[in-house]
file model03.txt (compact mmCIF, C-alpha atoms)
# COMPACT_ATOMS: atom_id res chain seq x y z
CA MET V 1 83.29 19.88 -52.80
CA LYS V 2 86.66 19.38 -54.43
CA SER V 3 87.37 15.88 -53.22
CA TYR V 4 85.32 12.86 -52.25
CA ALA V 5 86.69 12.90 -48.72
CA GLU V 6 84.74 16.06 -47.84
CA MET V 7 81.46 14.20 -48.18
CA ASP V 8 79.27 13.87 -45.09
CA GLU V 9 77.15 10.91 -44.05
CA MET V 10 73.87 12.28 -45.31
CA SER V 11 75.34 12.88 -48.76
CA ALA V 12 76.72 9.35 -48.73
CA ASP V 13 73.25 7.98 -47.89
CA ILE V 14 71.73 9.97 -50.72
CA LEU V 15 74.27 8.64 -53.20
CA LYS V 16 73.55 5.09 -52.03
CA GLU V 17 69.86 5.70 -52.54
CA LEU V 18 70.55 6.99 -56.05
CA GLY V 19 72.45 3.74 -56.65
CA ASN V 20 69.44 1.81 -55.42
CA ILE V 21 67.00 3.63 -57.65
CA GLY V 22 69.24 3.38 -60.69
CA THR V 23 70.03 -0.27 -60.11
CA GLY V 24 66.36 -1.09 -59.50
CA ASN V 25 65.53 0.27 -62.92
CA ALA V 26 68.50 -1.31 -64.65
CA ILE V 27 67.79 -4.73 -63.15
CA THR V 28 64.12 -4.55 -64.05
CA SER V 29 65.15 -4.04 -67.69
CA LEU V 30 67.60 -6.93 -67.52
CA ALA V 31 65.08 -9.27 -65.87
CA GLN V 32 62.54 -8.43 -68.58
CA MET V 33 65.03 -9.24 -71.32
CA MET V 34 66.00 -12.50 -69.69
CA GLY V 35 62.55 -13.50 -68.46
CA ILE V 36 64.08 -14.46 -65.12
CA PRO V 37 63.54 -12.64 -61.81
CA LEU V 38 66.69 -11.11 -60.30
CA ASP V 39 67.51 -10.18 -56.71
CA ILE V 40 69.37 -7.03 -55.74
CA SER V 41 71.50 -6.81 -52.61
CA SER V 42 71.64 -3.59 -50.63
CA PRO V 43 74.05 -1.06 -52.07
CA SER V 44 77.41 -0.11 -50.69
CA LEU V 45 79.24 3.13 -51.08
CA HIS V 46 82.98 2.78 -51.04
CA LEU V 47 85.30 5.68 -50.49
CA ALA V 48 88.69 4.11 -50.46
CA GLN V 49 92.26 4.03 -51.61
CA VAL V 50 92.86 2.17 -54.82
CA GLN V 51 94.35 -0.93 -53.14
CA GLU V 52 91.35 -1.25 -50.82
CA ILE V 53 88.93 -1.28 -53.75
CA TYR V 54 90.33 -4.61 -54.92
CA THR V 55 89.93 -6.11 -51.46
CA LEU V 56 86.44 -4.66 -51.02
CA LEU V 57 85.26 -6.03 -54.33
CA GLU V 58 87.21 -9.29 -53.97
CA GLN V 59 88.26 -8.64 -57.50
CA SER V 60 91.26 -10.31 -58.97
CA GLN V 61 92.08 -13.04 -61.44
CA GLU V 62 88.66 -14.58 -61.98
CA VAL V 63 87.44 -14.25 -65.57
CA GLU V 64 84.42 -11.96 -65.85
CA THR V 65 82.56 -9.97 -68.47
CA GLY V 66 83.02 -6.23 -68.05
CA ILE V 67 80.87 -3.69 -69.86
CA LEU V 68 82.14 -0.14 -69.58
CA VAL V 69 80.02 2.92 -70.29
CA GLU V 70 81.11 6.52 -70.03
CA ILE V 71 78.55 9.15 -69.04
CA LYS V 72 78.66 12.78 -70.03
CA GLY V 73 76.52 15.85 -69.60
CA GLU V 74 75.52 17.33 -66.26
CA ILE V 75 76.84 14.23 -64.53
CA THR V 76 80.11 12.68 -65.67
CA GLY V 77 81.75 9.47 -64.69
CA MET V 78 81.78 5.81 -65.59
CA PHE V 79 79.72 2.68 -65.20
CA LEU V 80 81.20 -0.76 -65.11
CA PHE V 81 78.92 -3.78 -65.19
CA PHE V 82 80.50 -7.03 -64.13
CA LEU V 83 78.88 -10.35 -64.94
CA ASN V 84 80.53 -13.48 -63.61
CA GLU V 85 81.10 -16.43 -65.90
CA SER V 86 77.89 -18.30 -65.02
CA PHE V 87 75.80 -15.15 -65.26
CA THR V 88 77.29 -14.36 -68.67
CA ASN V 89 76.41 -17.86 -69.81
CA ILE V 90 72.86 -17.76 -68.52
CA VAL V 91 72.21 -14.38 -70.15
CA LEU V 92 73.41 -15.68 -73.51
CA ASP V 93 71.57 -18.99 -73.05
CA GLU V 94 68.27 -17.25 -72.25
CA ILE V 95 68.41 -14.55 -74.91
CA LEU V 96 70.26 -16.26 -77.76
CA GLU V 97 70.62 -20.02 -77.61
CA LYS V 98 71.69 -22.60 -75.11
CA ARG V 99 75.13 -23.88 -75.96
CA GLU V 100 78.50 -24.79 -74.49
CA ARG V 101 80.78 -21.80 -74.76
CA ASN V 102 84.07 -20.40 -73.56
CA ILE V 103 83.32 -16.83 -72.55
CA LEU V 104 86.88 -15.85 -73.51
CA GLU V 105 85.93 -16.64 -77.10
CA LEU V 106 82.54 -15.06 -77.63
CA ASP V 107 81.37 -14.55 -81.19
CA ASP V 108 80.30 -11.18 -82.62
CA LEU V 109 76.63 -11.73 -81.97
CA GLU V 110 77.25 -12.63 -78.33
CA ARG V 111 79.52 -9.63 -77.82
CA SER V 112 77.06 -7.23 -79.37
CA LEU V 113 74.22 -8.66 -77.32
CA LEU V 114 76.21 -8.08 -74.13
CA SER V 115 77.06 -4.51 -75.18
CA GLU V 116 73.43 -3.87 -75.94
CA LEU V 117 72.54 -5.20 -72.54
CA GLY V 118 75.05 -2.76 -71.01
CA ASN V 119 73.46 -0.02 -73.04
CA ILE V 120 69.96 -0.85 -71.85
CA MET V 121 70.96 -1.27 -68.22
CA CYS V 122 73.02 1.90 -68.13
CA GLY V 123 70.27 3.75 -69.98
CA SER V 124 67.67 2.65 -67.41
CA TYR V 125 69.93 3.54 -64.50
CA ILE V 126 70.68 6.98 -65.92
CA ARG V 127 67.10 7.69 -66.97
CA ALA V 128 65.99 7.09 -63.38
CA LEU V 129 68.64 9.49 -62.08
CA SER V 130 68.07 12.17 -64.68
CA ALA V 131 64.29 12.09 -64.09
CA LEU V 132 64.83 12.37 -60.36
CA MET V 133 67.31 15.21 -60.61
CA ASP V 134 66.13 16.85 -63.78
CA MET V 135 69.58 16.75 -65.32
CA ASP V 136 70.72 15.98 -68.85
CA ILE V 137 72.96 12.95 -69.01
CA ASP V 138 74.37 11.23 -72.11
CA VAL V 139 75.61 7.69 -72.33
CA SER V 140 78.51 6.55 -74.56
CA VAL V 141 78.54 3.42 -76.70
CA PRO V 142 79.36 0.51 -74.36
CA GLU V 143 82.69 -1.29 -74.60
CA ILE V 144 83.01 -4.92 -73.67
CA CYS V 145 85.94 -6.94 -72.34
CA VAL V 146 86.08 -10.50 -71.04
CA ASP V 147 89.20 -11.11 -68.98
CA MET V 148 90.55 -11.13 -65.40
CA GLY V 149 88.19 -8.95 -63.34
CA GLY V 150 91.03 -7.06 -61.72
CA ALA V 151 92.55 -6.12 -65.07
CA ILE V 152 89.18 -4.82 -66.32
CA LEU V 153 88.69 -2.80 -63.15
CA SER V 154 92.05 -1.06 -63.62
CA VAL V 155 90.65 0.91 -66.57
CA PRO V 156 88.03 3.04 -64.73
CA LEU V 157 90.35 3.24 -61.72
CA ALA V 158 93.11 4.75 -63.84
CA ARG V 159 90.71 7.38 -65.09
CA ILE V 160 89.48 8.29 -61.61
CA MET V 161 93.01 8.35 -60.24
CA SER V 162 94.05 10.89 -62.84
CA LYS V 163 91.57 13.24 -61.12
CA SER V 164 91.40 12.17 -57.51
CA ALA V 165 93.64 10.61 -54.85
CA ASP V 166 90.88 8.34 -53.59
CA ILE V 167 88.10 6.42 -55.30
CA LEU V 168 84.36 6.84 -54.84
CA LEU V 169 82.26 3.97 -55.98
CA ILE V 170 78.59 3.10 -55.61
CA GLU V 171 78.24 -0.64 -55.83
CA ASN V 172 75.11 -2.74 -56.26
CA GLN V 173 75.10 -6.50 -56.62
CA PHE V 174 72.45 -8.63 -58.24
CA GLN V 175 71.96 -12.33 -58.63
CA ILE V 176 69.60 -15.03 -59.76
CA ASN V 177 68.23 -16.61 -56.55
CA HIS V 178 71.49 -18.49 -56.23
CA HIS V 179 74.72 -16.60 -55.55
CA SER V 180 76.74 -18.40 -58.18
CA PHE V 181 74.97 -16.39 -60.90
CA SER V 182 75.89 -12.87 -59.99
CA GLY V 183 76.79 -9.51 -61.31
CA ARG V 184 77.44 -6.02 -60.08
CA ILE V 185 76.95 -2.47 -61.18
CA LEU V 186 79.74 -0.09 -60.29
CA PHE V 187 79.08 3.61 -60.68
CA PHE V 188 82.06 5.96 -60.47
CA PRO V 189 80.80 9.56 -60.43
CA ASP V 190 83.54 12.13 -61.08
CA PRO V 191 84.41 14.24 -58.01
CA GLU V 192 83.33 17.49 -59.64
CA CYS V 193 79.74 16.35 -60.19
CA LEU V 194 78.96 15.39 -56.59
CA GLU V 195 78.14 18.92 -55.58
CA PRO V 196 75.73 19.57 -58.47
CA ILE V 197 73.98 16.26 -57.69
CA LEU V 198 73.57 17.12 -54.02
CA MET V 199 72.47 20.68 -54.86
CA LYS V 200 69.76 19.34 -57.14
CA LEU V 201 68.53 17.13 -54.35
CA GLY V 202 68.43 20.10 -52.01
CA ILE V 203 71.22 19.28 -49.61
CA GLY V 204 74.19 21.06 -51.20
CA LYS V 205 75.97 23.90 -49.53
CA MET E 1 107.54 -20.19 -51.68
CA ASN E 2 107.68 -16.93 -49.82
CA LYS E 3 105.27 -14.70 -51.73
CA ILE E 4 105.21 -10.93 -51.45
CA LEU E 5 102.16 -9.23 -52.93
CA VAL E 6 102.57 -6.02 -54.90
CA GLN E 7 99.16 -4.38 -54.98
CA ILE E 8 97.92 -1.91 -57.56
CA GLY E 9 99.57 1.47 -57.07
CA ASP E 10 102.21 -0.05 -54.83
CA GLY E 11 105.79 -1.29 -54.95
CA ASN E 12 107.95 -3.73 -53.02
CA THR E 13 111.34 -5.42 -52.87
CA ALA E 14 112.34 -9.04 -52.31
CA ALA E 15 115.49 -11.02 -51.53
CA ALA E 16 116.57 -14.54 -52.56
CA GLY E 17 113.95 -17.10 -51.56
CA GLN E 18 111.13 -14.63 -52.07
CA THR E 19 108.84 -14.04 -55.04
CA LEU E 20 107.05 -10.81 -55.89
CA VAL E 21 103.59 -11.20 -57.37
CA SER E 22 101.21 -8.71 -58.93
CA TYR E 23 97.77 -9.94 -59.94
CA ALA E 24 95.70 -8.89 -62.92
CA LEU E 25 97.60 -6.03 -64.51
CA GLY E 26 95.39 -4.44 -67.14
CA SER E 27 96.41 -1.03 -68.38
CA CYS E 28 98.77 -0.78 -65.40
CA ILE E 29 102.47 -1.33 -65.91
CA GLY E 30 104.56 -3.74 -63.87
CA VAL E 31 108.20 -2.70 -63.74
CA CYS E 32 110.57 -5.43 -62.50
CA LEU E 33 114.06 -4.33 -61.51
CA TYR E 34 116.81 -6.78 -60.57
CA ASP E 35 120.31 -6.71 -59.15
CA LYS E 36 121.73 -10.09 -60.17
CA GLU E 37 124.81 -9.86 -57.99
CA ILE E 38 123.06 -9.66 -54.64
CA LYS E 39 119.72 -11.11 -55.79
CA ILE E 40 117.54 -8.17 -54.87
CA ALA E 41 114.31 -7.83 -56.86
CA GLY E 42 111.89 -4.93 -56.91
CA MET E 43 108.53 -4.41 -58.55
CA VAL E 44 106.25 -1.43 -58.99
CA HIS E 45 102.63 -1.77 -60.17
CA ALA E 46 101.93 1.73 -61.52
CA VAL E 47 98.49 2.90 -62.63
CA LEU E 48 99.31 6.14 -64.44
CA PRO E 49 102.36 7.44 -66.31
CA ALA E 50 102.76 10.59 -64.21
CA LYS E 51 100.89 12.91 -61.94
CA LYS E 52 99.19 15.75 -63.79
CA GLY E 53 101.59 18.67 -63.96
CA GLY E 54 104.46 16.32 -63.12
CA GLU E 55 104.48 17.17 -59.40
CA VAL E 56 105.97 14.73 -56.92
CA THR E 57 103.40 13.32 -54.50
CA ALA E 58 103.55 12.12 -50.90
CA ALA E 59 105.77 9.06 -50.50
CA GLU E 60 102.92 6.59 -50.04
CA GLN E 61 101.36 7.64 -53.36
CA GLN E 62 104.50 7.62 -55.50
CA TYR E 63 104.10 4.03 -56.67
CA ARG E 64 100.85 4.95 -58.42
CA TYR E 65 102.87 6.73 -61.10
CA ALA E 66 105.38 5.10 -63.43
CA ASP E 67 107.83 8.02 -63.37
CA GLN E 68 108.20 8.64 -59.64
CA GLY E 69 107.40 5.00 -58.84
CA ILE E 70 110.43 3.68 -60.74
CA ARG E 71 112.69 6.27 -59.14
CA ARG E 72 111.39 5.44 -55.68
CA LEU E 73 111.89 1.73 -56.35
CA ILE E 74 115.51 2.35 -57.38
CA ASP E 75 116.09 4.21 -54.08
CA GLN E 76 114.36 1.49 -52.11
CA MET E 77 116.47 -1.24 -53.73
CA CYS E 78 119.68 0.71 -53.21
CA SER E 79 118.84 1.04 -49.53
CA CYS E 80 118.64 -2.78 -49.48
CA GLY E 81 122.16 -2.98 -50.86
CA ALA E 82 121.51 -3.00 -54.61
CA LYS E 83 123.69 -0.90 -56.92
CA LYS E 84 121.92 1.25 -59.49
CA SER E 85 124.65 0.51 -62.07
CA ARG E 86 123.87 -3.22 -61.81
CA LEU E 87 120.09 -2.95 -62.19
CA THR E 88 118.31 -4.47 -65.17
CA ALA E 89 114.62 -4.20 -66.05
CA LYS E 90 111.73 -6.25 -67.42
CA LEU E 91 108.34 -4.74 -68.24
CA VAL E 92 104.89 -6.33 -68.14
CA GLY E 93 101.39 -4.95 -68.76
CA GLY E 94 100.18 -1.74 -70.35
CA ALA E 95 97.33 -3.44 -72.20
CA GLN E 96 94.42 -1.72 -73.86
CA MET E 97 91.57 -3.65 -72.26
CA PHE E 98 88.75 -1.90 -74.11
CA GLN E 99 88.98 -1.16 -77.81
CA THR E 100 87.76 2.33 -77.17
CA ILE E 101 88.10 5.20 -79.57
CA ASN E 102 88.67 7.65 -76.74
CA TYR E 103 92.43 8.16 -76.84
CA GLU E 104 92.54 9.49 -73.31
CA TRP E 105 91.71 6.03 -72.05
CA ASP E 106 94.60 4.30 -73.77
CA ILE E 107 96.62 4.75 -70.64
CA GLY E 108 98.38 1.40 -71.18
CA LYS E 109 100.46 2.68 -74.06
CA LYS E 110 101.35 5.85 -72.17
CA ASN E 111 102.41 3.77 -69.16
CA ILE E 112 104.76 1.69 -71.33
CA GLN E 113 106.26 4.78 -72.95
CA MET E 114 106.82 6.50 -69.62
CA ALA E 115 108.42 3.43 -68.04
CA LYS E 116 110.83 3.10 -70.97
CA LYS E 117 111.65 6.79 -70.86
CA ILE E 118 112.50 6.69 -67.15
CA LEU E 119 114.54 3.49 -67.49
CA ALA E 120 116.53 5.06 -70.32
CA ALA E 121 117.05 8.26 -68.35
CA GLU E 122 118.25 6.28 -65.32
CA GLY E 123 120.53 4.14 -67.50
CA ILE E 124 118.82 0.84 -66.67
CA PRO E 125 118.88 -1.67 -69.55
CA LEU E 126 115.54 -3.23 -70.54
CA LEU E 127 116.16 -6.96 -70.97
CA ALA E 128 112.68 -8.16 -71.90
CA GLU E 129 109.05 -7.11 -72.05
CA ASP E 130 105.57 -8.52 -72.47
CA THR E 131 103.54 -5.38 -72.95
CA GLY E 132 100.63 -3.89 -74.88
CA SER E 133 97.96 -5.91 -76.69
CA ASP E 134 94.50 -6.32 -75.15
CA TYR E 135 94.60 -8.75 -72.26
CA GLY E 136 95.25 -8.86 -68.51
CA ARG E 137 98.40 -10.37 -67.02
CA THR E 138 99.60 -11.68 -63.65
CA VAL E 139 103.33 -11.37 -62.94
CA TRP E 140 105.55 -13.60 -60.79
CA PHE E 141 109.08 -12.28 -60.24
CA THR E 142 111.56 -14.62 -58.51
CA ALA E 143 114.35 -12.88 -56.62
CA GLU E 144 116.58 -15.99 -56.66
CA ASP E 145 117.25 -15.81 -60.41
CA GLY E 146 115.40 -12.75 -61.73
CA ARG E 147 112.95 -14.86 -63.73
CA VAL E 148 109.62 -13.23 -64.60
CA ARG E 149 106.63 -15.46 -65.33
CA VAL E 150 103.58 -13.92 -66.98
CA GLU E 151 100.17 -15.61 -66.75
CA ALA E 152 97.08 -14.60 -68.70
CA ALA E 153 93.51 -15.88 -68.94
CA LYS E 154 93.65 -15.82 -72.72
CA HIS E 155 97.16 -17.12 -73.38
CA PRO E 156 99.59 -19.74 -72.08
CA SER E 157 102.15 -18.59 -69.49
CA ILE E 158 105.45 -17.26 -70.74
CA GLU E 159 108.79 -16.57 -69.13
CA LEU E 160 110.89 -13.47 -69.55
call {"tool": "encode", "arguments": {"input": "model03.txt", "output": "structure tokens"}}
result
Amino acid sequence: MKSYAEMDEMSADILKELGNIGTGNAITSLAQMMGIPLDISSPSLHLAQVQEIYTLLEQSQEVETGILVEIKGEITGMFLFFLNESFTNIVLDEILEKRERNILELDDLERSLLSELGNIMCGSYIRALSALMDMDIDVSVPEICVDMGGAILSVPLARIMSKSADILLIENQFQINHHSFSGRILFFPDPECLEPILMKLGIGK
Amino acid sequence: MNKILVQIGDGNTAAAGQTLVSYALGSCIGVCLYDKEIKIAGMVHAVLPAKKGGEVTAAEQQYRYADQGIRRLIDQMCSCGAKKSRLTAKLVGGAQMFQTINYEWDIGKKNIQMAKKILAAEGIPLLAEDTGSDYGRTVWFTAEDGRVRVEAAKHPSIEL
């Protein structure tokens, strides 16, 4: 499989299920850290042109926290965790201290806590996948950015677009009982690792 | 106001009375070209400096790349009556959103460099820019007078 577009429906379902398993693990870790139960919505798999991704994700000017992690090894690609403003606040309130803050001006401790959270969530996601597929996968040090969601999203998109004409994205959303506290996990597997993933799971050609 | 959206990886032109807008440029580069005499404005929101290997892509994908995107925009504007010799440029975007050590990801800087290179090669003067640094920008480009307004979450708006 040289491009995402060659993927059939069964492969798409399997990738969605991988997203579910990974997200389940990642969210369990996050909920434990926060001491608050979190809900996960059903995953979506987007195979789209770059412009459509923005519409699909309703991503634009709203300020969000983005945590970017690069993965290497037998599977390569990128993870982007988005936390909306209220979710960012509640995470910091629960784990550090309750205070009034402007998320555009986080201090060092708050930034490193959020990166660590990205690290733990990505680690849990990837551990679930690597156990399932028996593949070695490494995770880079997370990078954090708080800014317009659309501007953050352009970074992984630029990387994917240097390799592929369209974008493949496995998206899972999570929230705290109320939708105003929400976040999402975006997993962008590189096109060249789809085939090895599907082979490992016994449905490759 | 008659607003025309320029999405990521796309380009568009506008005439007097219309405003081009591109939301949330991160590492992408927004190239604003203007023919003052007939009030034709054009904007491209390019994601990457060039296609790998420098090949020219299908027309609908050209605006993804700064090099072929700018050239396509010039053609598009000329077909609306603009004259290449009258065009001037303003640049916005090309930020480094993540302070990553991986140089490959600093696509913002490469986008700025490529845009400047193409403008110079095409003989289009660069009048102003708000580029680089580490934050996202939204661009409003008014065809009536060629004004470019840049909005950011982290900074007050500025005009170019």
call {"tool": "closest_residue", "arguments": {"input": "model03.txt", "among": "E:Glu60, E:Asp145, E:Glu129, E:Glu37", "to": "chain V", "atoms": "all atoms listed in the file"}}
result
E:Glu60
call {"tool": "residues_around", "arguments": {"input": "model03.txt", "residues": "Arg111 (chain V)", "least_positions_apart": "3", "cutoff": "12 Å", "atoms": "all atoms listed in the file", "output": "list in words"}}
result
Thr65, Gly66, Ile67, Thr88, Asn89, Val91, Leu92, Leu96, Ile103, Leu104, Glu105, Leu106, Asp107, Asp108, Leu114, Ser115, Glu116, Leu117, Gly118, Pro142, Glu143, Ile144, Cys145 and Val146 of chain V
call {"tool": "residues_around", "arguments": {"input": "model03.txt", "residues": "region 78-84 of chain E", "least_positions_apart": "5", "cutoff": "7 Å", "atoms": "all atoms listed in the file", "output": "number ranges by chain"}}
result
E: 35, 38, 40
call {"tool": "atom_distance", "arguments": {"input": "model03.txt", "atom1": "CA of Ile176 (chain V)", "atom2": "CA of Met33 (chain V)"}}
result
13.7 Å
call {"tool": "atom_distance", "arguments": {"input": "model03.txt", "atom1": "CA of Thr13 (chain E)", "atom2": "CA of Cys28 (chain E)"}}
result
18.3 Å
call {"tool": "interface_residues", "arguments": {"input": "model03.txt", "of": "chain E", "to": "chain V", "cutoff": "8 Å", "atoms": "all atoms listed in the file", "output": "list in words"}}
result
Gln7, Ile8, Gly9, Tyr23, Ala24, Leu25, Gly26, Ser27, Cys28, Val47, Leu48, Lys51, Lys52, Met97, Phe98, Gln99, Thr100, Trp105, Ile107, Tyr135, Gly136, Arg137, Thr138, Ala153 and Lys154 of chain E
call {"tool": "closest_residue", "arguments": {"input": "model03.txt", "among": "E:Ala41, E:Val148, E:Ile4, E:Ala143", "to": "Ala16 (chain E)", "atoms": "all atoms listed in the file"}}
result
E:Ala143
call {"tool": "residues_near_point", "arguments": {"input": "model03.txt", "point": "(101.4, -13.2, -66.1)", "cutoff": "7 Å", "atoms": "all atoms listed in the file", "output": "ChimeraX atom specification"}}
result
/E:137-140,149-152,157
call {"tool": "residues_near_point", "arguments": {"input": "model03.txt", "point": "(64.6, 1.4, -62.7)", "cutoff": "10 Å", "atoms": "all atoms listed in the file", "output": "list in words"}}
result
Asn20, Ile21, Gly22, Thr23, Gly24, Asn25, Ala26, Ile27, Thr28, Ser29, Met121, Gly123, Ser124, Tyr125, Ile126, Arg127, Ala128 and Leu129 of chain V
